[in-house]
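Working notes, beginning with the structure itself.
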Amino acid sequence: SPRLHGSQQSRSPLVNWYALEAGISLQMVPPTPSAHPFGQIPFLTDEGGVEVFESGAILLYLADKYGGADTPEKRASYTKWVVWSNSELDGLCFGAVPGDHRVRGTSMDKPQLRAVGRLEQILGECEWLVDGEFSVADVAGG
């Protein structure tokens, strides 16, 4: 089963949440040592020598391997949300302090921010972001 180097003070809980909802058996291991090229967490290892770093990449890997997306079209349906969330929501949720990746609070309660307001509108119109069911996109968009 996949092994996740992580902690509650990092983006690891996003990975834990997806694994739990998707029924993926995920083994938590101490945050260090991590083979992440920059020594950060989360960092995931899996059978066959697979190593994945960055929460978005880990979410996509788990969805691809264990989530049943068997076509490029299915993968595209959730990949766009994970990539968008990492680029747009990251600073709003985690703050933008270079080298310090702790959760610093959130701006997600500020609908006047364009990304927040639009995401609230979208989620007000549907329960799930992709095909009417829970997916990795919902975790990334949190």
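In the structure tokens, chains take letters A, B, ... by order of appearance, with residues numbered from 1 within each chain and ligands from 1 in the order shown.
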
>> Using only C-alpha atoms, which protein or nucleic acid residues come within 8 Å of stretch 46-50 of chain A? Drop anything in the same chain fewer than 3 positions from it, and give the result as a VMD selection string.
In response: chain A and resid 1 to 3

Could those residues be written to a file, using N, CA, C and O atoms, as a PDB file, in the first residue's frame?
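Contents of again.pdb, as written:
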ATOM      1  N   SER A   1       0.837  -1.199   0.000  1.00  0.00           N
ATOM      2  CA  SER A   1       0.000   0.000   0.000  1.00  0.00           C
ATOM      3  C   SER A   1       0.873   1.251   0.000  1.00  0.00           C
ATOM      4  O   SER A   1       2.014   1.216   0.458  1.00  0.00           O
ATOM      5  N   PRO A   2       0.353   2.356  -0.494  1.00  0.00           N
ATOM      6  CA  PRO A   2       1.127   3.593  -0.531  1.00  0.00           C
ATOM      7  C   PRO A   2       1.499   4.052   0.880  1.00  0.00           C
ATOM      8  O   PRO A   2       0.744   3.853   1.833  1.00  0.00           O
ATOM      9  N   ARG A   3       2.663   4.678   0.984  1.00  0.00           N
ATOM     10  CA  ARG A   3       3.157   5.202   2.265  1.00  0.00           C
ATOM     11  C   ARG A   3       3.300   6.712   2.137  1.00  0.00           C
ATOM     12  O   ARG A   3       3.942   7.194   1.211  1.00  0.00           O
TER      13      ARG A   3
END

>> Give me, as a list in words, all polymer residues having an atom no more than 10 Å from A:Pro13, counting only C-alpha atoms and skipping those fewer than 6 positions away in the same chain.
In response: Gly6, Ser7, Ala19, Pro42, Ser55 and Val139 of chain A

> Pick the closest to A:Glu21 from A:Gly117, A:Gly124, A:Pro37, A:Gly67: which is it, counting only C-alpha atoms?
Replying inline: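 Using only C-alpha atoms, A:Glu21 sits closest to A:Gly67.
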
>> DSSP on the backbone, alpha helix (DSSP H) only: what residues of chain A does that give? Format it as a PyMOL selection string.
In response: chain A and resi 12-22+55-66+72-84+90-94+114-125+136-141

>> Env of A:Val136: 12 Å cut, atoms = only C-alpha atoms, seq-sep filter 2 positions within chain, self excluded. Answer as a PyMOL selection string.
In response: chain A and resi 14-22+55-64+66-69+74-83+85+128-131+133-134+138-142

> Interatomic distance between atom CA of A:Leu119 and atom CA of A:Arg11?
Replying inline: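 Separation between atom CA of A:Leu119 and atom CA of A:Arg11: 20.0 Å.
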
> Can you tell me, as a PyMOL selection string, what residues are no more than 7 Å from stretch 38-41 of chain A when counting only C-alpha atoms, ignoring any on the same chain fewer than 4 positions away?
Replying inline: chain A and resi 5-6+10+31+34
